[in-house]
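Before any comments, here is the structure.
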Amino acid sequence: MSQAPLPRWADLVLLPALNLVAALLAAAVVVAAVGQSPIEVLQVLVRGAFGSARGISYTLAYATTFIFTGLAVAVAFHGGLFNIGGEGQGLMGGLGSGLAALWLAPHLPAWAMLPVMGMAGALFGMAWALVPGYLQAWRGSHVVINTIMFNFLASTLLVYLLVNHLKPAGSMAVESASFAPSARLPGMHQAMGWLGIEWPNTPLNLSLVLALVAAWGVWLFLWRSRAGYRLRATGSSAGAAAYAGIEPRRQVLIAMGLSGALAGLVGMNEVAGISGRLMLDFVAGAGFTGIAVSLMGRNHPVGIVLASVLFGALFQGGAEVAFDVPGFTRDMVVMLQGFIVLFSGAMAYVLAPTLARVLAWRRAGAGPVDARAHEARTSETRSAEASTAEGGAQGGGAHG
Amino acid sequence: MSAEAATPSGSAAQPAVRLAGIHKRFGAVRSNDDVTLEVATGRVHGLVGENGAGKSTLMSILYGFYTADAGAIEVFGQPVQIRHSHEAIALGIGMVHQHFMLVHNLSALDNIMLGAEPHALLHRAAAEVRARLLELMAATGLHVDLDALVEDLSVGDCQRLEILKALYRGARILILDEPTAVLTPQETEQLFQVLDKLRERGTTLIIITHKLKEVMRVCDRVTVMRAGRVVHERDIADTEIEDLAQAMVGRKVRLHRDEAEGGAAPQAAGPVLLQAQGLSVTDHFGVVRLHEVGLALRAGEIVGVAGVAGNGQSELLEVLAGLREPRQGTLELAGERFAPGRWLDPHRARELQLAHVPEDRHGRAMVMGFPAWETAVLGYEDRPEVSHRHLMRHGAMRALTAELMDRFDVRPRDIELQSSKFSGGNQQKLVLAREIARAPQVLLVGQPTRGVDIGAIEFIHGQLRALRAAGCAVLLVSSELDEILALADRVIVMNQGRITGELPIGECDETRLGVLMTTTAAMQGEVTAAAGPAGDRTDREAAR
């Protein structure tokens with residue numbers, strides 16, 4: 001409160017950009033320390049992620065999964081809950097979609113099959129999240145602990161089902177049979193082909209559209225609907241929600257159910273879109289990356305989509321770097337991600353006071369006092385919003 | 001009429017504190033604007049002003065919590081820089097905060113010693129500290145059981161302990177922040193006797209308060225602050241209470257009951273709108289919070305509930321508002337009867353036109369992170385005027401909020417401003433606006449003016465009176481006796497979860513109510529003027 005507040009544009013654009021630069025600089029130091037050229041690595045990374053239609057496609061394919069898991073974290077967060085179970089809910093969602101595909105695809109056309117797979121994925125993810133939600137709401141057993149444990153349960157359940165029931169007889173690989181064509185989500189190259197545009201054949205598929213629709217839906221739900229109003233009220237003040245006549249336990253179920261359903265849609269990208277069969281561990285850490293994505297995107301769908309693209313670029317560009325630069329392993333990419341999470345998430349506001357001082361110094365002298373005072377007040381509101389969001393996270397941990 | 005500040009009558013000795021030309025800004029707000037304050041050694045100096053007038057900021061600068069943007073500080077004639085509170089303590093400045101800074105699971109002695117142990121070996125340190133404290137207690141009359149755990153002490157004890165702690169650390173200048181906020185009238189009187197004694201011993205006292213009566217009772221001199229500036233400074237001998245009130249607000253204020261309005265003879269109350277019988281509540285520790293409480297609210301009356309905070313008033317409000325189900329008892333509201341197992345819920349309460357302005361403004365009445373226009377429909381978010389099917393009507397919500405803010409003079413008139421950014425008084429006006437807007441039959445209101453500045457108090461009281469005139473039944477829970485005396489037609493006194501008395505307003509005065517507030521079931525009927533540490537358990541809860 002005693003420090004000068006940041007204007008809104010600086011808070012939403014400049015600060016995240018600075019944090020990103022700080023993370024890159026920190027990573028550059030490490031890269032230089034192992035004897036590589038940071039500039040070269042960065043060039044390869046950016047070119048790999050955005051330098052070609054192919055690179056962009058891969059970046060967006062990764063981003064699609066992160067959008068789903070990021071949204072899942074954000075919805076729970078607005079309800080005052082910390083859902084760490086995106087991993088398991090994603091696996092169960094994929095299982096749901098996969099089972100629907102294996103059983104029904106031979107009998108149904110694509111226009112009926114794909115919605116059924118989506119629904120099945122969302123329902124499976126939702127069910128997997130509702131159990132910890134129920135335990136939290138009615139039994140007082142903490143949702144963080146239970147969602148983590150449900151990740152392991154989901155993983156072992158998938159192994160069991162694949163090895164013992166879904167693996168075609170005689171196959172050595174632990175994966176299901178390939179789905180019938182009606183259960184395959186069209187790739188972006190096919191979709192673009194229908195429009196007469198040539199596009200390289202990559203994992204990118206139409207689930208990106210689904211992800212964007214989901215982001216819009218989350219926005220609509222949280223900020224436009226009455227249910228979303230109630231959910232946010234509960235998430236930021238359980239006491240106020242109770243006063244308003246909102247049943248908090250129901251809100252826990254709604255938040256976790258929606259969160260799980262969003263995570264469950266990961267299967268549409270990874271199973272129906274990319275692999276076309278059910279495999280082990282196809283979520284591959286995206287459930288956890290979703291936490292970073294949501295954190296960096298300030299729990300807002302627009303921010304989440306942007307952060308997902310950034311993380312998608314890191315995965316894709318990182319893979320290129322590992323391939324192109326000798327001596328640079330994938331672990332280095334993980335390190336870079338670590339720095340980004342550290343600077344953009346945990347330390348998001350470390351630079352804020354300095355930035356505010358610099359901006360205030362720049363503005364001093366320019367502009368009449370009244371205008372400055374007004375600006376200061378409106379932006380104060382913004383920075384306080386951000387800080388309550390943080391407080392909410394802690395509060396959620398404490399009571400949620 | 002302002003700025004008759006500065007140049008206090010040059011008292012004999014060196015002033016204990018001299019703050020000259022203090023400036024402090026927070027963002028765009030000038031919290032202290034060229035403030036000059038001189039406190040004479042060995043005197044009691046009152047520092048009064050509305051919330052946000054800058055008095056706490058000024059004292060925080062003196063105590064080293066904030067550094068002034070400009071200005072000079074002198075302590076006993078020495079120019080000093082105070083950057084941390086330990087520097088202030090070293091200079092002989094002590095502060096007793098409104099919210100006690102005590103470790104609950106340590107003994108009183110350990111709390112005093114904490115951070116100031118004279119020895120590395122604790123038992124030797126304790127013996128030394130104890131010896132010095134016994135001397136100090138004998139000299140000042142501040143008696144506290146040194147071996148009791150803080151969590152077992154009453155609020156009054158905790159406060160005495162805080163004062164002892166400051167004195168033990170060598171405080172010759174003692175700052176007390178709203179010292180009487182949580183005390184009964186009797187405990188307050190005891191505190192004043194201690195303060196008188198401290199003054200005799202030559203301790204300089206600075207008291208931050210908004211209770212003007214108490215300023216008149218204990219202070220030698222008073223400084224009034226408004227909007228970051230000193231607007232009035234006088235010796236108490238030359239001051240009338242009305243002058244202080246006027247200086248605080250900047251205009252004439254009506255603080256007392258208007259007899260013409262039916263102070264002595266309340267208008268005939270109408271039919272019973274809410275009837276509660278035998279309400280009992282036990283909390284999850286098994287402590288009885290409410291014991292067989294019954295009351296009836298009639299149309300067109302304000303019923304005041306008096307008592308030291310934490311004696312069941314909060315539970316009573318929660319039960320009546322449907323936020324908590326009692327173990328026993330019944331409630332009749334608008335022709336419906338509720339009993340445990342099928343108790344009223346807040347949603348149904350609103351449908352039955354029962355509105356509730358909760359005590360806990362920050363934790364219940366508003367969602368602090370929401371903008372004003374979202375907070376303004378909290379609890380009414382399903383009404384057709386603000387939502388259609390499943391979507392909220394943002395335009396209508398904003399228009400409604402703007403209208404409420406106009407009607408209730410909420411400042412600033414900014415519907416986008418985050419709820420937490422309004423001052424206490426304006427938050428309360430917004431909440432009151434929301435609850436009154438739909439013309440309730442019954443209004444439950446808890447601590448309507450806690451943390452609210454005096455101008456807003458006047459406005460809020462006016463609204464409650466208007467509501468009574470319109471035939472609403474109002475239940476007013478307040479720890480400010482003055483407020484209850486100014487508004488209520490009938491007063492219920494609670495102590496330890498029981499109703500210990502009920503008086504028509506004509507028979508109420510502070511002494512009678514004070515006695516009832518400290519009467520326990522065991523003592524009932526027996527009238528003792530001694531402050532009752534009887535409410536220990538509940539007092540302690542209140543202190544937390």
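Ordering of the structure tokens sets the chain letters (A, B, ...); residue numbers start at 1 within each chain; ligands are numbered from 1 in the order shown.
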What are the closest atom pairs, with distances in Å to one decimal, for all residues of chain B lying within 6 Å of chain A? Consider only C-alpha atoms, order rows by chain and residue number, and present the result as a tab-separated table.
residue	atom	partner	partner_atom	distance
B:Phe26	CA	A:Ser2	CA	5.4
B:Gly27	CA	A:Ala4	CA	5.5
B:Ala28	CA	A:Ala373	CA	5.3
B:Pro346	CA	A:Gly245	CA	4.6
B:His347	CA	A:Gly245	CA	4.7
B:Gly363	CA	A:Gly239	CA	5.6
B:Arg364	CA	A:Ala240	CA	3.7
B:Ala365	CA	A:Ala240	CA	5.8
B:Val367	CA	A:Ser237	CA	5.9
B:Leu378	CA	A:Ala244	CA	5.9
B:Gly379	CA	A:Ala244	CA	3.8
B:His390	CA	A:Ser225	CA	5.6
B:Leu391	CA	A:Ser225	CA	4.0
B:Met392	CA	A:Ser225	CA	5.4
Print the selection's residues with N, CA and C atoms to a file, as a CSV table (one decimal), in the first residue's frame.
chain,number,residue,atom,x,y,z
B,26,PHE,N,0.3,8.3,1.0
B,26,PHE,CA,0.2,7.0,0.5
B,26,PHE,C,-0.5,7.1,-0.9
B,27,GLY,N,0.3,6.8,-1.9
B,27,GLY,CA,-0.3,7.0,-3.3
B,27,GLY,C,-0.7,8.5,-3.4
B,28,ALA,N,-2.0,8.6,-3.7
B,28,ALA,CA,-2.5,10.0,-3.9
B,28,ALA,C,-3.1,10.6,-2.6
B,346,PRO,N,-30.4,-18.6,5.0
B,346,PRO,CA,-30.3,-17.2,4.6
B,346,PRO,C,-31.1,-16.9,3.3
B,347,HIS,N,-31.2,-17.8,2.4
B,347,HIS,CA,-32.0,-17.7,1.2
B,347,HIS,C,-33.4,-17.5,1.5
B,363,GLY,N,-15.7,-10.1,6.3
B,363,GLY,CA,-15.7,-11.5,6.1
B,363,GLY,C,-17.1,-12.1,5.6
B,364,ARG,N,-18.1,-11.2,5.8
B,364,ARG,CA,-19.4,-11.7,5.5
B,364,ARG,C,-20.2,-10.8,4.5
B,365,ALA,N,-20.2,-9.5,4.9
B,365,ALA,CA,-21.2,-8.6,4.2
B,365,ALA,C,-20.8,-8.3,2.8
B,367,VAL,N,-17.9,-9.3,-0.6
B,367,VAL,CA,-16.8,-10.0,-1.1
B,367,VAL,C,-15.7,-9.0,-1.5
B,378,LEU,N,-25.0,-9.1,-3.7
B,378,LEU,CA,-24.7,-10.3,-2.9
B,378,LEU,C,-25.9,-10.8,-2.1
B,379,GLY,N,-26.3,-12.0,-2.3
B,379,GLY,CA,-27.5,-12.5,-1.6
B,379,GLY,C,-28.8,-12.3,-2.4
B,390,HIS,N,-30.0,-17.9,-16.6
B,390,HIS,CA,-28.8,-18.2,-15.8
B,390,HIS,C,-27.7,-17.2,-15.9
B,391,LEU,N,-28.0,-16.1,-16.6
B,391,LEU,CA,-26.9,-15.1,-16.8
B,391,LEU,C,-27.2,-13.9,-15.9
B,392,MET,N,-26.2,-13.2,-15.4
B,392,MET,CA,-26.3,-12.0,-14.7
B,392,MET,C,-26.5,-10.9,-15.7
Which polymer residues have any atom within 9 Å of an atom of B:Asp345, counting only C-alpha atoms, with same-chain residues fewer than 2 positions away left out, as an mmCIF file with C-alpha atoms, in the first residue's frame?
data_model
loop_
_atom_site.group_PDB
_atom_site.id
_atom_site.type_symbol
_atom_site.label_atom_id
_atom_site.label_comp_id
_atom_site.auth_asym_id
_atom_site.auth_seq_id
_atom_site.Cartn_x
_atom_site.Cartn_y
_atom_site.Cartn_z
ATOM 1 C CA GLY A 245 -27.301 -18.144 1.154
ATOM 2 C CA ALA B 321 -30.368 -14.764 10.152
ATOM 3 C CA GLY B 322 -30.314 -18.482 9.371
ATOM 4 C CA LEU B 323 -26.538 -18.729 9.294
ATOM 5 C CA ARG B 324 -26.392 -21.130 12.192
ATOM 6 C CA GLU B 325 -28.767 -23.771 13.416
ATOM 7 C CA ARG B 342 -35.587 -27.560 9.598
ATOM 8 C CA TRP B 343 -34.049 -24.213 10.392
ATOM 9 C CA HIS B 347 -31.952 -17.651 1.221
ATOM 10 C CA ARG B 348 -35.370 -18.299 2.736
ATOM 11 C CA ALA B 349 -34.808 -15.463 5.207
ATOM 12 C CA ARG B 350 -34.451 -13.009 2.342
#
Write out as a PDB file with C-alpha atoms, in the first residue's frame the residues lying within 10 Å of stretch 186-196 of chain B, counting only C-alpha atoms and excluding same-chain residues fewer than 2 positions away.
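That gives us around16.pdb:
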ATOM      1  CA  ARG B  43       0.436  14.983  30.564  1.00  0.00           C
ATOM      2  CA  VAL B  44      -2.339  12.975  28.957  1.00  0.00           C
ATOM      3  CA  THR B 140       1.236   1.609  39.176  1.00  0.00           C
ATOM      4  CA  GLY B 141      -1.664  -0.482  40.361  1.00  0.00           C
ATOM      5  CA  LEU B 142      -1.464  -2.612  37.216  1.00  0.00           C
ATOM      6  CA  VAL B 155      -9.528  -8.496  27.864  1.00  0.00           C
ATOM      7  CA  GLY B 156      -8.914  -6.006  30.641  1.00  0.00           C
ATOM      8  CA  ASP B 157      -6.047  -8.140  31.953  1.00  0.00           C
ATOM      9  CA  GLN B 159      -4.579  -4.642  28.207  1.00  0.00           C
ATOM     10  CA  ARG B 160      -2.957  -4.165  31.594  1.00  0.00           C
ATOM     11  CA  ILE B 163       0.814  -1.543  29.386  1.00  0.00           C
ATOM     12  CA  PRO B 179      -7.814   1.546  24.490  1.00  0.00           C
ATOM     13  CA  THR B 180     -11.456   1.283  25.503  1.00  0.00           C
ATOM     14  CA  ALA B 181     -12.846  -0.311  22.368  1.00  0.00           C
ATOM     15  CA  VAL B 182     -13.305  -3.727  23.978  1.00  0.00           C
ATOM     16  CA  LEU B 183     -13.867  -2.787  27.620  1.00  0.00           C
ATOM     17  CA  THR B 184     -17.031  -2.625  29.700  1.00  0.00           C
ATOM     18  CA  LEU B 198       0.749   6.746  35.499  1.00  0.00           C
ATOM     19  CA  ARG B 199       0.403  10.462  34.960  1.00  0.00           C
ATOM     20  CA  GLU B 200       1.201  11.062  38.621  1.00  0.00           C
ATOM     21  CA  ARG B 201       4.396   9.051  38.118  1.00  0.00           C
ATOM     22  CA  THR B 203       4.563   9.074  32.306  1.00  0.00           C
ATOM     23  CA  THR B 204       3.452  10.930  29.211  1.00  0.00           C
ATOM     24  CA  LEU B 205       0.341   9.423  27.629  1.00  0.00           C
ATOM     25  CA  GLU B 214     -13.457   9.640  27.376  1.00  0.00           C
ATOM     26  CA  ARG B 217     -12.655  12.426  31.251  1.00  0.00           C
ATOM     27  CA  VAL B 218      -8.920  11.594  31.100  1.00  0.00           C
ATOM     28  CA  CYS B 219      -7.048  14.003  28.885  1.00  0.00           C
ATOM     29  CA  GLU B 510     -24.834   3.453  31.538  1.00  0.00           C
ATOM     30  CA  THR B 511     -24.438   2.255  35.094  1.00  0.00           C
ATOM     31  CA  GLY B 514     -23.000  -1.850  32.772  1.00  0.00           C
ATOM     32  CA  VAL B 515     -24.022  -3.858  35.806  1.00  0.00           C
ATOM     33  CA  MET B 517     -23.512  -6.577  31.206  1.00  0.00           C
ATOM     34  CA  THR B 518     -21.292  -8.088  33.864  1.00  0.00           C
ATOM     35  CA  ALA B 529     -19.961  -2.303  40.824  1.00  0.00           C
ATOM     36  CA  ALA B 530     -16.723  -4.211  40.414  1.00  0.00           C
ATOM     37  CA  ALA B 531     -15.845  -4.993  36.843  1.00  0.00           C
ATOM     38  CA  GLY B 532     -16.706  -8.606  36.338  1.00  0.00           C
ATOM     39  CA  PRO B 533     -13.896 -10.839  35.212  1.00  0.00           C
TER      40      PRO B 533
END
Among listed residues B:Phe408, B:Arg229, B:Ala127, B:Gly294, nearest B:Thr330 (using only C-alpha atoms):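 Closest candidate: B:Gly294.
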As a PyMOL selection string, which residues of stretch 171-405 of chain B does DSSP assign to alpha helix (DSSP H)? chain B and resi 185-200+212-218+241-249+313-321+346-351+372-375+394-405
Who sits within 8 Å of stretch 178-181 of chain A, only C-alpha atoms, same chain under 5 positions skipped, as a PyMOL selection string: chain A and resi 101-102+105-106+110+276-278
So which residues touch stretch 460-468 of chain B within 9 Å, counting only C-alpha atoms, skipping near sequence neighbours fewer than 5 positions away, as a PyMOL selection string? chain B and resi 299-302+408+425+428-429+432+436+439-440+443+448-449+455+473-474+483+486-487
N, CA and C atoms of the current selection, written as an mmCIF file, in the first residue's frame:
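Below is the file that was written, result_37.cif:
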data_model
loop_
_atom_site.group_PDB
_atom_site.id
_atom_site.type_symbol
_atom_site.label_atom_id
_atom_site.label_comp_id
_atom_site.auth_asym_id
_atom_site.auth_seq_id
_atom_site.Cartn_x
_atom_site.Cartn_y
_atom_site.Cartn_z
ATOM 1 N N ALA B 299 -43.210 -4.608 14.833
ATOM 2 C CA ALA B 299 -43.128 -3.624 13.752
ATOM 3 C C ALA B 299 -42.939 -2.236 14.357
ATOM 4 N N GLY B 300 -42.051 -1.455 13.756
ATOM 5 C CA GLY B 300 -41.888 -0.073 14.186
ATOM 6 C C GLY B 300 -41.140 0.109 15.480
ATOM 7 N N GLU B 301 -40.266 -0.850 15.836
ATOM 8 C CA GLU B 301 -39.431 -0.610 17.014
ATOM 9 C C GLU B 301 -38.002 -1.040 16.741
ATOM 10 N N ILE B 302 -37.097 -0.406 17.468
ATOM 11 C CA ILE B 302 -35.701 -0.816 17.428
ATOM 12 C C ILE B 302 -35.369 -1.420 18.775
ATOM 13 N N PHE B 408 -27.590 6.482 -0.930
ATOM 14 C CA PHE B 408 -26.931 6.339 0.366
ATOM 15 C C PHE B 408 -25.617 7.100 0.430
ATOM 16 N N GLY B 425 -16.875 3.354 6.535
ATOM 17 C CA GLY B 425 -18.198 3.970 6.539
ATOM 18 C C GLY B 425 -18.908 3.799 5.213
ATOM 19 N N GLN B 428 -20.041 0.258 4.751
ATOM 20 C CA GLN B 428 -21.236 -0.016 5.524
ATOM 21 C C GLN B 428 -22.464 0.603 4.867
ATOM 22 N N LYS B 429 -22.299 1.777 4.285
ATOM 23 C CA LYS B 429 -23.438 2.401 3.613
ATOM 24 C C LYS B 429 -23.876 1.576 2.414
ATOM 25 N N LEU B 432 -25.697 -1.475 3.813
ATOM 26 C CA LEU B 432 -26.992 -1.052 4.320
ATOM 27 C C LEU B 432 -27.938 -0.744 3.157
ATOM 28 N N ILE B 436 -31.454 -2.556 2.783
ATOM 29 C CA ILE B 436 -32.669 -1.764 3.005
ATOM 30 C C ILE B 436 -33.460 -1.566 1.717
ATOM 31 N N ALA B 439 -36.964 -2.887 1.088
ATOM 32 C CA ALA B 439 -37.948 -2.631 2.137
ATOM 33 C C ALA B 439 -38.248 -3.864 2.982
ATOM 34 N N PRO B 440 -37.277 -4.285 3.799
ATOM 35 C CA PRO B 440 -37.489 -5.504 4.591
ATOM 36 C C PRO B 440 -38.502 -5.285 5.708
ATOM 37 N N LEU B 443 -35.126 -6.199 10.114
ATOM 38 C CA LEU B 443 -33.716 -5.957 9.817
ATOM 39 C C LEU B 443 -32.890 -6.338 11.036
ATOM 40 N N PRO B 448 -23.416 -1.644 13.517
ATOM 41 C CA PRO B 448 -23.556 -0.911 12.257
ATOM 42 C C PRO B 448 -22.522 0.187 12.063
ATOM 43 N N THR B 449 -21.912 0.669 13.143
ATOM 44 C CA THR B 449 -21.007 1.807 12.977
ATOM 45 C C THR B 449 -19.592 1.494 13.451
ATOM 46 N N GLY B 455 -19.367 11.150 10.578
ATOM 47 C CA GLY B 455 -20.346 11.662 9.618
ATOM 48 C C GLY B 455 -21.248 10.545 9.113
ATOM 49 N N ALA B 473 -39.183 -3.872 11.817
ATOM 50 C CA ALA B 473 -38.685 -4.261 13.139
ATOM 51 C C ALA B 473 -37.180 -4.386 13.047
ATOM 52 N N VAL B 474 -36.478 -3.666 13.917
ATOM 53 C CA VAL B 474 -35.015 -3.649 13.824
ATOM 54 C C VAL B 474 -34.413 -4.241 15.093
ATOM 55 N N GLU B 483 -24.591 4.195 21.175
ATOM 56 C CA GLU B 483 -25.382 3.943 19.976
ATOM 57 C C GLU B 483 -26.737 3.349 20.338
ATOM 58 N N ALA B 486 -28.906 5.853 21.877
ATOM 59 C CA ALA B 486 -29.384 6.859 20.936
ATOM 60 C C ALA B 486 -30.503 6.331 20.041
ATOM 61 N N LEU B 487 -30.556 5.011 19.843
ATOM 62 C CA LEU B 487 -31.474 4.485 18.840
ATOM 63 C C LEU B 487 -32.620 3.631 19.387
#
For stretch 72-83 of chain B, list every protein, DNA or RNA residue within 8 Å, evaluated using only C-alpha atoms, and leave out those in the same chain fewer than 2 positions away; present the list as a list in words.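 Contacts, with the query itself left out: Gln14, Pro15, Ala16, Val17, Arg18, Leu19, Ala20, Gly21, Ile22, Ile61, Leu62, Tyr63, Gly64, Phe65, Tyr66, Thr67, Ala70, Ser85, Glu87, Ala88 and Leu91 of chain B.
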Write the residues you've just listed into a file as an mmCIF file, in the first residue's frame, and include C-alpha atoms for each of them.
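Generated output (out-v8.cif):
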data_model
loop_
_atom_site.group_PDB
_atom_site.id
_atom_site.type_symbol
_atom_site.label_atom_id
_atom_site.label_comp_id
_atom_site.auth_asym_id
_atom_site.auth_seq_id
_atom_site.Cartn_x
_atom_site.Cartn_y
_atom_site.Cartn_z
ATOM 1 C CA GLN B 14 10.748 20.251 27.765
ATOM 2 C CA PRO B 15 7.945 18.687 25.666
ATOM 3 C CA ALA B 16 8.109 14.891 25.638
ATOM 4 C CA VAL B 17 7.362 14.704 21.933
ATOM 5 C CA ARG B 18 7.547 17.307 19.251
ATOM 6 C CA LEU B 19 6.505 16.408 15.745
ATOM 7 C CA ALA B 20 7.034 19.270 13.338
ATOM 8 C CA GLY B 21 5.808 19.605 9.771
ATOM 9 C CA ILE B 22 5.147 15.900 9.283
ATOM 10 C CA ILE B 61 5.529 7.505 12.344
ATOM 11 C CA LEU B 62 6.397 8.281 15.950
ATOM 12 C CA TYR B 63 6.620 4.565 16.739
ATOM 13 C CA GLY B 64 8.782 3.810 13.708
ATOM 14 C CA PHE B 65 6.319 1.768 11.624
ATOM 15 C CA TYR B 66 6.408 4.367 8.866
ATOM 16 C CA THR B 67 8.974 6.948 7.972
ATOM 17 C CA ALA B 70 9.187 15.176 5.462
ATOM 18 C CA SER B 85 9.972 0.394 16.399
ATOM 19 C CA GLU B 87 14.526 2.523 17.950
ATOM 20 C CA ALA B 88 11.329 4.058 19.328
ATOM 21 C CA LEU B 91 13.957 6.259 23.092
#
Counting only C-alpha atoms, which of A:Pro132, A:Ala49, A:Gly86, A:Arg184 gets nearest to A:Met113? A:Arg184
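For the pair atom CA of B:Glu332 and atom CA of B:Ala276, the interatomic distance is 6.3 Å.
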Counting only C-alpha atoms, what is within 10 Å of B:Tyr380, bar same-chain residues fewer than 3 positions away, as a VMD selection string? (chain A and resid 244 to 245) or (chain B and resid 347 350 to 351 375 to 377 383 to 387 434 to 435 438)
Ranking B:Leu513, B:Ser154, B:Gly49, B:Ala166 by minimum distance to B:Ile89 and counting only C-alpha atoms, which one comes first? B:Ala166
Of A:Gly55, A:Ala27, A:Val213, A:Leu14, the one nearest to A:Ala319 when counting only C-alpha atoms is A:Gly55
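As for atom CA of A:Phe282 and atom CA of A:Ser97, they are spaced 12.9 Å apart.
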Check the DSSP output for the backbone and give back, as JSON, numbers by chain, the residues of stretch 421-465 of chain B in strand (DSSP E or B). {"B": [442, 443, 444, 445, 446]}
Let's have the selection written as a CSV table (one decimal), in the first residue's frame, with C-alpha atoms.
chain,number,residue,atom,x,y,z
B,442,VAL,CA,-37.3,-7.3,9.8
B,443,LEU,CA,-33.7,-6.0,9.8
B,444,LEU,CA,-31.0,-7.5,11.9
B,445,VAL,CA,-28.0,-5.3,12.2
B,446,GLY,CA,-24.7,-6.0,14.0
Distance criterion (only C-alpha atoms): nearest to A:Phe152 out of A:Val116, A:Met92, A:Met188, A:Val44: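 Closest to A:Phe152, using only C-alpha atoms: A:Met92.
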